[in-house]
$ cat my_file26.cif   # mmCIF, C-alpha atoms
data_query
#
loop_
_atom_site.label_atom_id
_atom_site.label_comp_id
_atom_site.auth_asym_id
_atom_site.auth_seq_id
_atom_site.Cartn_x
_atom_site.Cartn_y
_atom_site.Cartn_z
CA MET A 1 -12.58 21.19 133.17
CA ASN A 2 -15.89 22.62 134.38
CA PRO A 3 -18.33 23.18 131.46
CA SER A 4 -19.11 26.69 132.72
CA LYS A 5 -15.39 27.54 132.64
CA ASN A 6 -15.17 26.15 129.10
CA ARG A 7 -18.02 28.40 128.01
CA LEU A 8 -16.36 31.35 129.73
CA GLN A 9 -13.07 30.70 127.93
CA ILE A 10 -14.86 30.36 124.59
CA GLY A 11 -16.72 33.59 125.28
CA LYS A 12 -13.45 35.43 126.02
CA LEU A 13 -11.89 34.12 122.81
CA LEU A 14 -14.90 35.26 120.80
CA LEU A 15 -14.80 38.70 122.42
CA ILE A 16 -11.20 39.02 121.27
CA ALA A 17 -11.49 37.29 117.90
CA ILE A 18 -14.63 38.97 116.52
CA PRO A 19 -13.45 42.61 116.96
CA THR A 20 -9.98 41.63 115.70
CA VAL A 21 -11.39 40.10 112.51
CA PHE A 22 -13.71 43.08 112.05
CA ILE A 23 -10.85 45.59 112.42
CA PHE A 24 -8.70 43.57 110.03
CA LEU A 25 -11.47 43.54 107.42
CA LEU A 26 -11.84 47.31 107.79
CA ILE A 27 -8.09 47.75 107.28
CA TRP A 28 -8.17 45.49 104.23
CA ILE A 29 -11.20 47.20 102.64
CA GLY A 30 -9.82 50.65 103.49
CA THR A 31 -6.45 49.82 101.98
CA VAL A 32 -8.03 48.55 98.75
CA TYR A 33 -10.26 51.63 98.51
CA ILE A 34 -7.45 54.13 99.16
CA GLY A 35 -5.06 52.34 96.82
CA ASN A 36 -7.54 52.16 93.95
CA THR A 37 -9.13 55.58 94.47
CA TYR A 38 -6.24 57.85 95.35
CA PHE A 39 -3.23 56.04 93.94
CA GLY A 40 -4.74 54.49 90.84
CA SER A 41 -3.61 51.02 91.84
CA THR A 42 -4.66 48.13 89.62
CA ALA A 43 -3.73 45.48 92.17
CA SER A 44 -6.37 42.90 93.06
CA SER A 45 -7.94 42.67 96.49
CA GLY A 46 -6.01 39.42 96.97
CA GLN A 47 -2.75 41.26 96.32
CA PHE A 48 -3.66 43.90 98.91
CA LEU A 49 -4.48 41.13 101.37
CA LEU A 50 -1.11 39.50 100.71
CA TRP A 51 0.68 42.82 101.25
CA ILE A 52 -1.03 43.29 104.60
CA LEU A 53 -0.52 39.73 105.86
CA SER A 54 3.02 39.31 104.57
CA GLY A 55 3.95 42.76 105.84
CA ALA A 56 2.67 41.91 109.31
CA ILE A 57 4.58 38.63 109.36
CA ILE A 58 7.84 40.03 107.95
CA PHE A 59 8.08 43.46 109.56
CA VAL A 60 6.54 42.59 112.94
CA GLY A 61 6.43 38.84 113.49
CA PHE A 62 9.86 38.01 112.06
CA PRO A 63 12.03 40.10 114.44
CA ILE A 64 9.78 39.26 117.40
CA ALA A 65 10.18 35.54 116.62
CA THR A 66 13.98 35.91 116.53
CA LYS A 67 13.96 37.65 119.91
CA GLN A 68 11.66 35.05 121.46
CA ILE A 69 13.68 32.11 120.14
CA PHE A 70 16.81 33.74 121.54
CA HIS A 71 15.24 34.06 124.98
CA LEU A 72 13.91 30.51 124.92
CA GLY A 73 17.44 29.23 124.40
CA SER A 74 16.32 26.88 121.64
CA PHE A 75 19.88 26.10 120.62
CA SER A 76 21.20 25.31 124.08
CA LYS A 77 22.61 21.79 124.05
CA ASN A 78 22.90 21.26 127.78
CA ASP A 79 22.11 22.91 131.10
CA SER A 80 25.49 24.60 131.46
CA ILE A 81 25.14 26.31 128.08
CA ALA A 82 21.56 27.27 128.94
CA GLN A 83 22.75 28.87 132.17
CA GLU A 84 25.48 30.74 130.30
CA VAL A 85 22.98 32.03 127.75
CA GLN A 86 20.69 33.16 130.57
CA LYS A 87 23.53 35.27 131.97
CA THR A 88 24.04 37.10 128.66
CA GLN A 89 20.43 37.51 127.51
CA LYS A 90 20.36 41.30 127.73
CA PHE A 91 21.27 42.94 124.45
CA SER A 92 24.10 45.42 124.41
CA LYS A 93 24.29 48.26 121.90
CA SER A 94 26.41 46.14 119.55
CA ASP A 95 23.96 43.24 119.92
CA TRP A 96 21.08 45.47 118.87
CA LEU A 97 23.08 46.79 115.92
CA PHE A 98 23.85 43.23 114.82
CA PHE A 99 20.21 42.23 115.33
CA LEU A 100 19.00 45.17 113.22
CA LEU A 101 21.66 44.61 110.55
CA ILE A 102 20.78 41.00 109.77
CA HIS A 103 17.04 41.76 109.78
CA SER A 104 17.45 44.87 107.62
CA ILE A 105 19.07 42.62 105.01
CA ALA A 106 16.58 39.74 105.25
CA ILE A 107 13.33 41.72 105.52
CA PRO A 108 13.45 43.43 102.07
CA ILE A 109 14.43 40.13 100.42
CA LEU A 110 11.55 38.25 102.07
CA PHE A 111 9.05 41.01 101.30
CA TRP A 112 10.12 41.23 97.66
CA THR A 113 9.95 37.46 97.23
CA PHE A 114 6.74 36.60 99.07
CA SER A 115 4.55 39.72 98.99
CA ASP A 116 3.76 39.55 95.26
CA LEU A 117 1.13 37.08 94.08
CA GLN A 118 2.77 36.97 90.67
CA HIS A 119 6.02 35.77 92.25
CA HIS A 120 4.14 32.92 93.90
CA VAL A 121 2.55 32.01 90.58
CA LEU A 122 5.92 32.06 88.82
CA ILE A 123 7.47 29.85 91.52
CA TYR A 124 4.51 27.45 91.26
CA ASN A 125 4.71 27.28 87.46
CA TYR A 126 8.48 26.85 87.53
CA PHE A 127 8.26 23.70 89.65
CA VAL A 128 5.28 22.42 87.67
CA ASP A 129 7.17 22.83 84.39
CA ILE A 130 10.14 20.87 85.74
CA PHE A 131 8.52 18.21 87.95
CA GLY A 132 4.92 18.14 86.74
CA LYS A 133 1.78 17.90 88.88
CA ASN A 134 0.71 15.21 91.31
CA TYR A 135 -2.75 13.67 91.55
CA ARG A 136 -3.97 16.68 93.57
CA GLY A 137 -2.88 19.14 90.91
CA ALA A 138 -0.06 20.59 93.01
CA PRO A 139 3.57 20.62 91.83
CA ASN A 140 5.10 17.17 92.11
CA PHE A 141 7.83 18.62 94.33
CA PRO A 142 7.86 19.74 98.00
CA ILE A 143 8.35 23.47 97.36
CA LEU A 144 7.89 24.37 101.02
CA ILE A 145 10.59 21.93 102.13
CA ALA A 146 12.88 23.27 99.43
CA PHE A 147 12.38 26.85 100.61
CA VAL A 148 12.90 26.00 104.28
CA PHE A 149 16.05 23.94 103.75
CA ALA A 150 17.42 26.38 101.17
CA THR A 151 17.08 29.10 103.80
CA LEU A 152 18.88 26.93 106.36
CA PHE A 153 21.73 25.99 104.00
CA LEU A 154 22.20 29.55 102.74
CA LEU A 155 22.34 31.12 106.20
CA THR A 156 24.58 28.32 107.49
CA PHE A 157 26.94 28.84 104.55
CA ILE A 158 27.07 32.58 105.29
CA TYR A 159 27.90 31.83 108.93
CA VAL A 160 30.68 29.38 108.05
CA LEU A 161 32.08 31.73 105.40
CA PHE A 162 32.15 34.56 107.95
CA LEU A 163 34.08 32.39 110.42
CA LYS A 164 36.62 31.46 107.77
CA LEU A 165 37.15 35.02 106.55
CA LYS A 166 37.30 36.66 109.98
CA TYR A 167 38.87 33.97 112.17
CA GLY A 168 40.48 31.61 109.65
CA THR A 169 38.54 28.60 110.91
CA PHE A 170 35.33 26.75 110.10
CA SER A 171 34.58 26.12 113.79
CA ASN A 172 34.38 28.38 116.81
CA PRO A 173 37.46 30.63 117.02
CA LYS A 174 40.11 29.90 119.64
CA GLY A 175 42.33 32.19 121.67
CA LEU A 176 39.75 34.90 122.28
CA THR A 177 39.74 36.94 125.46
CA ASP A 178 36.91 36.29 127.90
CA VAL A 179 35.12 39.46 126.82
CA ASP A 180 35.50 38.67 123.11
CA GLU A 181 34.38 35.09 123.66
CA ARG A 182 31.23 36.20 125.51
CA ASN A 183 30.52 38.72 122.78
CA PHE A 184 31.04 36.08 120.07
CA LYS A 185 28.73 33.58 121.80
CA GLN A 186 26.06 36.25 122.22
CA LYS A 187 26.19 37.14 118.53
CA GLN A 188 26.21 33.43 117.69
CA GLU A 189 23.01 32.87 119.68
CA ILE A 190 21.37 35.85 118.01
CA TYR A 191 22.33 34.58 114.55
CA PHE A 192 21.14 31.01 115.21
CA SER A 193 17.84 32.41 116.51
CA PHE A 194 17.64 34.48 113.33
CA VAL A 195 18.18 31.34 111.23
CA ALA A 196 15.36 29.51 113.03
CA SER A 197 12.93 32.44 112.76
CA SER A 198 13.85 32.88 109.07
CA MET A 199 12.89 29.28 108.35
CA PHE A 200 9.62 29.65 110.27
CA THR A 201 8.85 32.96 108.52
CA VAL A 202 9.46 31.45 105.08
CA MET A 203 7.10 28.61 105.95
CA MET A 204 4.37 31.03 107.06
CA LEU A 205 4.79 33.18 103.96
CA TYR A 206 4.51 30.18 101.67
CA PHE A 207 1.33 29.07 103.45
CA LEU A 208 -0.17 32.49 102.67
CA LYS A 209 0.14 31.64 98.98
CA MET A 210 -1.61 28.35 99.57
CA ILE A 211 -4.52 30.24 101.17
CA LEU A 212 -4.77 33.09 98.67
CA LEU A 213 -4.36 31.05 95.49
CA VAL A 214 -6.71 28.20 96.35
#

$ encode --input "my_file26.cif" --output "structure tokens"
Amino acid sequence: MNPSKNRLQIGKLLLIAIPTVFIFLLIWIGTVYIGNTYFGSTASSGQFLLWILSGAIIFVGFPIATKQIFHLGSFSKNDSIAQEVQKTQKFSKSDWLFFLLIHSIAIPILFWTFSDLQHHVLIYNYFVDIFGKNYRGAPNFPILIAFVFATLFLLTFIYVLFLKLKYGTFSNPKGLTDVDERNFKQKQEIYFSFVASSMFTVMMLYFLKMILLV
């Protein structure tokens, strides 16, 4: 690439990044000041920072990630399925209600678990007490992997349990009408996208702890 174009691209990134960082710092400082001055908060500045970052990831990034993964067709196994998903990508009213329902359940749980520094410390100490520390001083256990796979197994179990209770089978239900089958597949795609975005969100939220508690 032409060096002048490289410099132009870098300049554009800086023009976007510098004001963004400045605005974020103002929001952070303003939040700490308002919380301590008007609400008598005793939370540390790091805790306020975690609230802001985790809130942005959970309340904004999480549902957007689910929607984007759904549209990308990440779980399509072949071209015919991908084409079928493309035909049903628009959300109906029931799709939106389902989308909002599963996120309204997951969002408070994620925020309660990962938006408190003390929770991160307790999780860290719990794994240290059981497995000890490695040569770097970190818990001698892959906590991040445990969180990600625990999320996957839990949400998969919920999906399988739902199939068994509603349709009496552990696999895709049979004998549905064409309309019901399309509706089921649409909800299935939404749920699988939700599972993927949940795992990614958990990973991002755990990395926040690694940054704030260094």

$ atom_distance --input "my_file26.cif" --atom1 "atom CA of A:Met199" --atom2 "atom CA of A:Leu49"
22.2 Å

$ atom_distance --input "my_file26.cif" --atom1 "atom CA of A:Phe207" --atom2 "atom CA of A:His119"
13.9 Å

$ atom_distance --input "my_file26.cif" --atom1 "atom CA of A:Met204" --atom2 "atom CA of A:Leu14"
24.0 Å

$ resolve_selection --input "my_file26.cif" --expression "the PyMOL selection byres ((chain A and resi 50) around 10)" --output "MDAnalysis selection string"
chainID A and resid 28 44:49 51:56 114:117 205 208:209 211:212

$ residues_near_point --input "my_file26.cif" --point "(27.5, 46.9, 124.3)" --cutoff "12 Å" --atoms "all atoms listed in the file" --output "list in words"
Thr88, Lys90, Phe91, Ser92, Lys93, Ser94, Asp95, Trp96, Leu97, Phe98, Val179, Asp180, Arg182, Asn183, Gln186 and Lys187 of chain A

$ write_last_selection --input "my_file26.cif" --atoms "C-alpha atoms" --output "mmCIF file, keeping the file's coordinate frame"
data_model
loop_
_atom_site.group_PDB
_atom_site.id
_atom_site.type_symbol
_atom_site.label_atom_id
_atom_site.label_comp_id
_atom_site.auth_asym_id
_atom_site.auth_seq_id
_atom_site.Cartn_x
_atom_site.Cartn_y
_atom_site.Cartn_z
ATOM 1 C CA THR A 88 24.040 37.100 128.660
ATOM 2 C CA LYS A 90 20.360 41.300 127.730
ATOM 3 C CA PHE A 91 21.270 42.940 124.450
ATOM 4 C CA SER A 92 24.100 45.420 124.410
ATOM 5 C CA LYS A 93 24.290 48.260 121.900
ATOM 6 C CA SER A 94 26.410 46.140 119.550
ATOM 7 C CA ASP A 95 23.960 43.240 119.920
ATOM 8 C CA TRP A 96 21.080 45.470 118.870
ATOM 9 C CA LEU A 97 23.080 46.790 115.920
ATOM 10 C CA PHE A 98 23.850 43.230 114.820
ATOM 11 C CA VAL A 179 35.120 39.460 126.820
ATOM 12 C CA ASP A 180 35.500 38.670 123.110
ATOM 13 C CA ARG A 182 31.230 36.200 125.510
ATOM 14 C CA ASN A 183 30.520 38.720 122.780
ATOM 15 C CA GLN A 186 26.060 36.250 122.220
ATOM 16 C CA LYS A 187 26.190 37.140 118.530
#

$ closest_residue --input "my_file26.cif" --among "A:Gly175, A:His103, A:Ala43, A:Gly11" --to "A:Ala65" --atoms "only C-alpha atoms"
A:His103

$ closest_residue --input "my_file26.cif" --among "A:Tyr159, A:Phe62, A:Tyr124, A:Phe24" --to "A:Ser198" --atoms "all atoms listed in the file"
A:Phe62

$ residues_around --input "my_file26.cif" --residues "A:Ser104" --least-positions-apart "4" --cutoff "12 Å" --atoms "only C-alpha atoms" --output "mmCIF file with C-alpha atoms, in the frame of the given file"
data_model
loop_
_atom_site.group_PDB
_atom_site.id
_atom_site.type_symbol
_atom_site.label_atom_id
_atom_site.label_comp_id
_atom_site.auth_asym_id
_atom_site.auth_seq_id
_atom_site.Cartn_x
_atom_site.Cartn_y
_atom_site.Cartn_z
ATOM 1 C CA ILE A 58 7.840 40.030 107.950
ATOM 2 C CA PHE A 59 8.080 43.460 109.560
ATOM 3 C CA PHE A 62 9.860 38.010 112.060
ATOM 4 C CA PRO A 63 12.030 40.100 114.440
ATOM 5 C CA TRP A 96 21.080 45.470 118.870
ATOM 6 C CA LEU A 97 23.080 46.790 115.920
ATOM 7 C CA PHE A 98 23.850 43.230 114.820
ATOM 8 C CA PHE A 99 20.210 42.230 115.330
ATOM 9 C CA LEU A 100 19.000 45.170 113.220
ATOM 10 C CA PRO A 108 13.450 43.430 102.070
ATOM 11 C CA ILE A 109 14.430 40.130 100.420
ATOM 12 C CA LEU A 110 11.550 38.250 102.070
ATOM 13 C CA PHE A 111 9.050 41.010 101.300
ATOM 14 C CA PHE A 194 17.640 34.480 113.330
#

$ residues_around --input "my_file26.cif" --residues "A:Phe192" --least-positions-apart "4" --cutoff "12 Å" --atoms "all atoms listed in the file" --output "number ranges by chain"
A: 65-67, 69-71, 73-76, 99, 102, 152, 155-156, 158-159, 185-188, 196-199

$ write_last_selection --input "my_file26.cif" --atoms "C-alpha atoms" --output "compact mmCIF listing (two decimals), in the coordinates of the input"
# COMPACT_ATOMS: atom_id res chain seq x y z
CA ALA A 65 10.18 35.54 116.62
CA THR A 66 13.98 35.91 116.53
CA LYS A 67 13.96 37.65 119.91
CA ILE A 69 13.68 32.11 120.14
CA PHE A 70 16.81 33.74 121.54
CA HIS A 71 15.24 34.06 124.98
CA GLY A 73 17.44 29.23 124.40
CA SER A 74 16.32 26.88 121.64
CA PHE A 75 19.88 26.10 120.62
CA SER A 76 21.20 25.31 124.08
CA PHE A 99 20.21 42.23 115.33
CA ILE A 102 20.78 41.00 109.77
CA LEU A 152 18.88 26.93 106.36
CA LEU A 155 22.34 31.12 106.20
CA THR A 156 24.58 28.32 107.49
CA ILE A 158 27.07 32.58 105.29
CA TYR A 159 27.90 31.83 108.93
CA LYS A 185 28.73 33.58 121.80
CA GLN A 186 26.06 36.25 122.22
CA LYS A 187 26.19 37.14 118.53
CA GLN A 188 26.21 33.43 117.69
CA ALA A 196 15.36 29.51 113.03
CA SER A 197 12.93 32.44 112.76
CA SER A 198 13.85 32.88 109.07
CA MET A 199 12.89 29.28 108.35

$ residues_around --input "my_file26.cif" --residues "A:Pro173" --least-positions-apart "6" --cutoff "10 Å" --atoms "all atoms listed in the file" --output "number ranges by chain"
A: 163-164, 166-167, 181, 184

$ closest_residue --input "my_file26.cif" --among "A:Gln118, A:Asn134, A:Thr201, A:Val195" --to "A:Phe153" --atoms "all atoms listed in the file"
A:Val195

$ decode --input "my_file26.cif" --residues "stretch 120-157 of chain A" --atoms "N, CA and C atoms" --output "PDB file, in the first residue's frame"
ATOM      1  N   HIS A 120     -15.024 -10.972  41.181  1.00  0.00           N
ATOM      2  CA  HIS A 120     -13.849 -11.453  40.451  1.00  0.00           C
ATOM      3  C   HIS A 120     -12.770 -11.931  41.423  1.00  0.00           C
ATOM      4  N   VAL A 121     -12.592 -11.184  42.493  1.00  0.00           N
ATOM      5  CA  VAL A 121     -11.588 -11.562  43.496  1.00  0.00           C
ATOM      6  C   VAL A 121     -11.967 -12.886  44.154  1.00  0.00           C
ATOM      7  N   LEU A 122     -13.248 -13.037  44.489  1.00  0.00           N
ATOM      8  CA  LEU A 122     -13.709 -14.270  45.122  1.00  0.00           C
ATOM      9  C   LEU A 122     -13.529 -15.472  44.196  1.00  0.00           C
ATOM     10  N   ILE A 123     -13.847 -15.280  42.915  1.00  0.00           N
ATOM     11  CA  ILE A 123     -13.661 -16.356  41.930  1.00  0.00           C
ATOM     12  C   ILE A 123     -12.182 -16.726  41.837  1.00  0.00           C
ATOM     13  N   TYR A 124     -11.337 -15.697  41.762  1.00  0.00           N
ATOM     14  CA  TYR A 124      -9.884 -15.900  41.684  1.00  0.00           C
ATOM     15  C   TYR A 124      -9.387 -16.675  42.905  1.00  0.00           C
ATOM     16  N   ASN A 125      -9.781 -16.231  44.087  1.00  0.00           N
ATOM     17  CA  ASN A 125      -9.320 -16.874  45.319  1.00  0.00           C
ATOM     18  C   ASN A 125      -9.852 -18.298  45.451  1.00  0.00           C
ATOM     19  N   TYR A 126     -11.067 -18.510  44.977  1.00  0.00           N
ATOM     20  CA  TYR A 126     -11.658 -19.847  45.044  1.00  0.00           C
ATOM     21  C   TYR A 126     -10.813 -20.858  44.265  1.00  0.00           C
ATOM     22  N   PHE A 127     -10.430 -20.495  43.051  1.00  0.00           N
ATOM     23  CA  PHE A 127      -9.639 -21.411  42.232  1.00  0.00           C
ATOM     24  C   PHE A 127      -8.207 -21.525  42.739  1.00  0.00           C
ATOM     25  N   VAL A 128      -7.689 -20.445  43.343  1.00  0.00           N
ATOM     26  CA  VAL A 128      -6.352 -20.514  43.929  1.00  0.00           C
ATOM     27  C   VAL A 128      -6.349 -21.461  45.130  1.00  0.00           C
ATOM     28  N   ASP A 129      -7.371 -21.357  45.963  1.00  0.00           N
ATOM     29  CA  ASP A 129      -7.452 -22.211  47.154  1.00  0.00           C
ATOM     30  C   ASP A 129      -7.523 -23.691  46.784  1.00  0.00           C
ATOM     31  N   ILE A 130      -8.190 -24.001  45.681  1.00  0.00           N
ATOM     32  CA  ILE A 130      -8.366 -25.402  45.289  1.00  0.00           C
ATOM     33  C   ILE A 130      -7.184 -25.922  44.476  1.00  0.00           C
ATOM     34  N   PHE A 131      -6.728 -25.135  43.497  1.00  0.00           N
ATOM     35  CA  PHE A 131      -5.717 -25.620  42.552  1.00  0.00           C
ATOM     36  C   PHE A 131      -4.337 -24.992  42.746  1.00  0.00           C
ATOM     37  N   GLY A 132      -4.245 -23.968  43.610  1.00  0.00           N
ATOM     38  CA  GLY A 132      -2.964 -23.319  43.811  1.00  0.00           C
ATOM     39  C   GLY A 132      -2.620 -22.355  42.690  1.00  0.00           C
ATOM     40  N   LYS A 133      -1.390 -21.785  42.766  1.00  0.00           N
ATOM     41  CA  LYS A 133      -0.938 -20.830  41.759  1.00  0.00           C
ATOM     42  C   LYS A 133       0.159 -21.442  40.907  1.00  0.00           C
ATOM     43  N   ASN A 134       0.237 -20.974  39.658  1.00  0.00           N
ATOM     44  CA  ASN A 134       1.319 -21.421  38.781  1.00  0.00           C
ATOM     45  C   ASN A 134       2.537 -20.518  38.955  1.00  0.00           C
ATOM     46  N   TYR A 135       3.539 -20.700  38.124  1.00  0.00           N
ATOM     47  CA  TYR A 135       4.780 -19.944  38.281  1.00  0.00           C
ATOM     48  C   TYR A 135       4.591 -18.452  38.008  1.00  0.00           C
ATOM     49  N   ARG A 136       3.489 -18.071  37.341  1.00  0.00           N
ATOM     50  CA  ARG A 136       3.217 -16.661  37.079  1.00  0.00           C
ATOM     51  C   ARG A 136       2.377 -16.019  38.186  1.00  0.00           C
ATOM     52  N   GLY A 137       1.964 -16.800  39.151  1.00  0.00           N
ATOM     53  CA  GLY A 137       1.145 -16.284  40.222  1.00  0.00           C
ATOM     54  C   GLY A 137      -0.339 -16.336  39.966  1.00  0.00           C
ATOM     55  N   ALA A 138      -0.742 -16.809  38.796  1.00  0.00           N
ATOM     56  CA  ALA A 138      -2.159 -16.928  38.459  1.00  0.00           C
ATOM     57  C   ALA A 138      -2.672 -18.283  38.946  1.00  0.00           C
ATOM     58  N   PRO A 139      -3.996 -18.421  39.091  1.00  0.00           N
ATOM     59  CA  PRO A 139      -4.545 -19.723  39.505  1.00  0.00           C
ATOM     60  C   PRO A 139      -4.101 -20.839  38.568  1.00  0.00           C
ATOM     61  N   ASN A 140      -3.724 -21.957  39.139  1.00  0.00           N
ATOM     62  CA  ASN A 140      -3.243 -23.088  38.357  1.00  0.00           C
ATOM     63  C   ASN A 140      -4.430 -23.851  37.754  1.00  0.00           C
ATOM     64  N   PHE A 141      -5.301 -23.078  37.091  1.00  0.00           N
ATOM     65  CA  PHE A 141      -6.502 -23.639  36.475  1.00  0.00           C
ATOM     66  C   PHE A 141      -6.998 -22.652  35.423  1.00  0.00           C
ATOM     67  N   PRO A 142      -7.401 -23.134  34.255  1.00  0.00           N
ATOM     68  CA  PRO A 142      -7.867 -22.222  33.189  1.00  0.00           C
ATOM     69  C   PRO A 142      -9.286 -21.715  33.464  1.00  0.00           C
ATOM     70  N   ILE A 143      -9.403 -20.678  34.304  1.00  0.00           N
ATOM     71  CA  ILE A 143     -10.718 -20.177  34.696  1.00  0.00           C
ATOM     72  C   ILE A 143     -11.525 -19.734  33.481  1.00  0.00           C
ATOM     73  N   LEU A 144     -10.879 -19.047  32.547  1.00  0.00           N
ATOM     74  CA  LEU A 144     -11.588 -18.552  31.372  1.00  0.00           C
ATOM     75  C   LEU A 144     -12.204 -19.693  30.584  1.00  0.00           C
ATOM     76  N   ILE A 145     -11.426 -20.752  30.363  1.00  0.00           N
ATOM     77  CA  ILE A 145     -11.947 -21.917  29.633  1.00  0.00           C
ATOM     78  C   ILE A 145     -13.107 -22.547  30.389  1.00  0.00           C
ATOM     79  N   ALA A 146     -12.986 -22.597  31.709  1.00  0.00           N
ATOM     80  CA  ALA A 146     -14.064 -23.165  32.515  1.00  0.00           C
ATOM     81  C   ALA A 146     -15.342 -22.352  32.364  1.00  0.00           C
ATOM     82  N   PHE A 147     -15.227 -21.030  32.396  1.00  0.00           N
ATOM     83  CA  PHE A 147     -16.394 -20.165  32.242  1.00  0.00           C
ATOM     84  C   PHE A 147     -17.038 -20.341  30.870  1.00  0.00           C
ATOM     85  N   VAL A 148     -16.209 -20.341  29.834  1.00  0.00           N
ATOM     86  CA  VAL A 148     -16.734 -20.422  28.464  1.00  0.00           C
ATOM     87  C   VAL A 148     -17.442 -21.745  28.237  1.00  0.00           C
ATOM     88  N   PHE A 149     -16.801 -22.848  28.632  1.00  0.00           N
ATOM     89  CA  PHE A 149     -17.409 -24.156  28.398  1.00  0.00           C
ATOM     90  C   PHE A 149     -18.580 -24.415  29.343  1.00  0.00           C
ATOM     91  N   ALA A 150     -18.531 -23.862  30.541  1.00  0.00           N
ATOM     92  CA  ALA A 150     -19.677 -23.986  31.447  1.00  0.00           C
ATOM     93  C   ALA A 150     -20.891 -23.284  30.852  1.00  0.00           C
ATOM     94  N   THR A 151     -20.653 -22.122  30.236  1.00  0.00           N
ATOM     95  CA  THR A 151     -21.742 -21.410  29.559  1.00  0.00           C
ATOM     96  C   THR A 151     -22.312 -22.242  28.426  1.00  0.00           C
ATOM     97  N   LEU A 152     -21.433 -22.844  27.627  1.00  0.00           N
ATOM     98  CA  LEU A 152     -21.872 -23.677  26.508  1.00  0.00           C
ATOM     99  C   LEU A 152     -22.679 -24.875  26.998  1.00  0.00           C
ATOM    100  N   PHE A 153     -22.167 -25.585  27.992  1.00  0.00           N
ATOM    101  CA  PHE A 153     -22.846 -26.791  28.490  1.00  0.00           C
ATOM    102  C   PHE A 153     -24.190 -26.443  29.132  1.00  0.00           C
ATOM    103  N   LEU A 154     -24.229 -25.353  29.896  1.00  0.00           N
ATOM    104  CA  LEU A 154     -25.470 -24.965  30.556  1.00  0.00           C
ATOM    105  C   LEU A 154     -26.555 -24.612  29.542  1.00  0.00           C
ATOM    106  N   LEU A 155     -26.214 -23.779  28.561  1.00  0.00           N
ATOM    107  CA  LEU A 155     -27.203 -23.355  27.573  1.00  0.00           C
ATOM    108  C   LEU A 155     -27.600 -24.513  26.651  1.00  0.00           C
ATOM    109  N   THR A 156     -26.663 -25.418  26.374  1.00  0.00           N
ATOM    110  CA  THR A 156     -27.006 -26.600  25.583  1.00  0.00           C
ATOM    111  C   THR A 156     -27.949 -27.509  26.358  1.00  0.00           C
ATOM    112  N   PHE A 157     -27.689 -27.669  27.654  1.00  0.00           N
ATOM    113  CA  PHE A 157     -28.569 -28.484  28.493  1.00  0.00           C
ATOM    114  C   PHE A 157     -29.979 -27.900  28.542  1.00  0.00           C
TER     115      PHE A 157
END
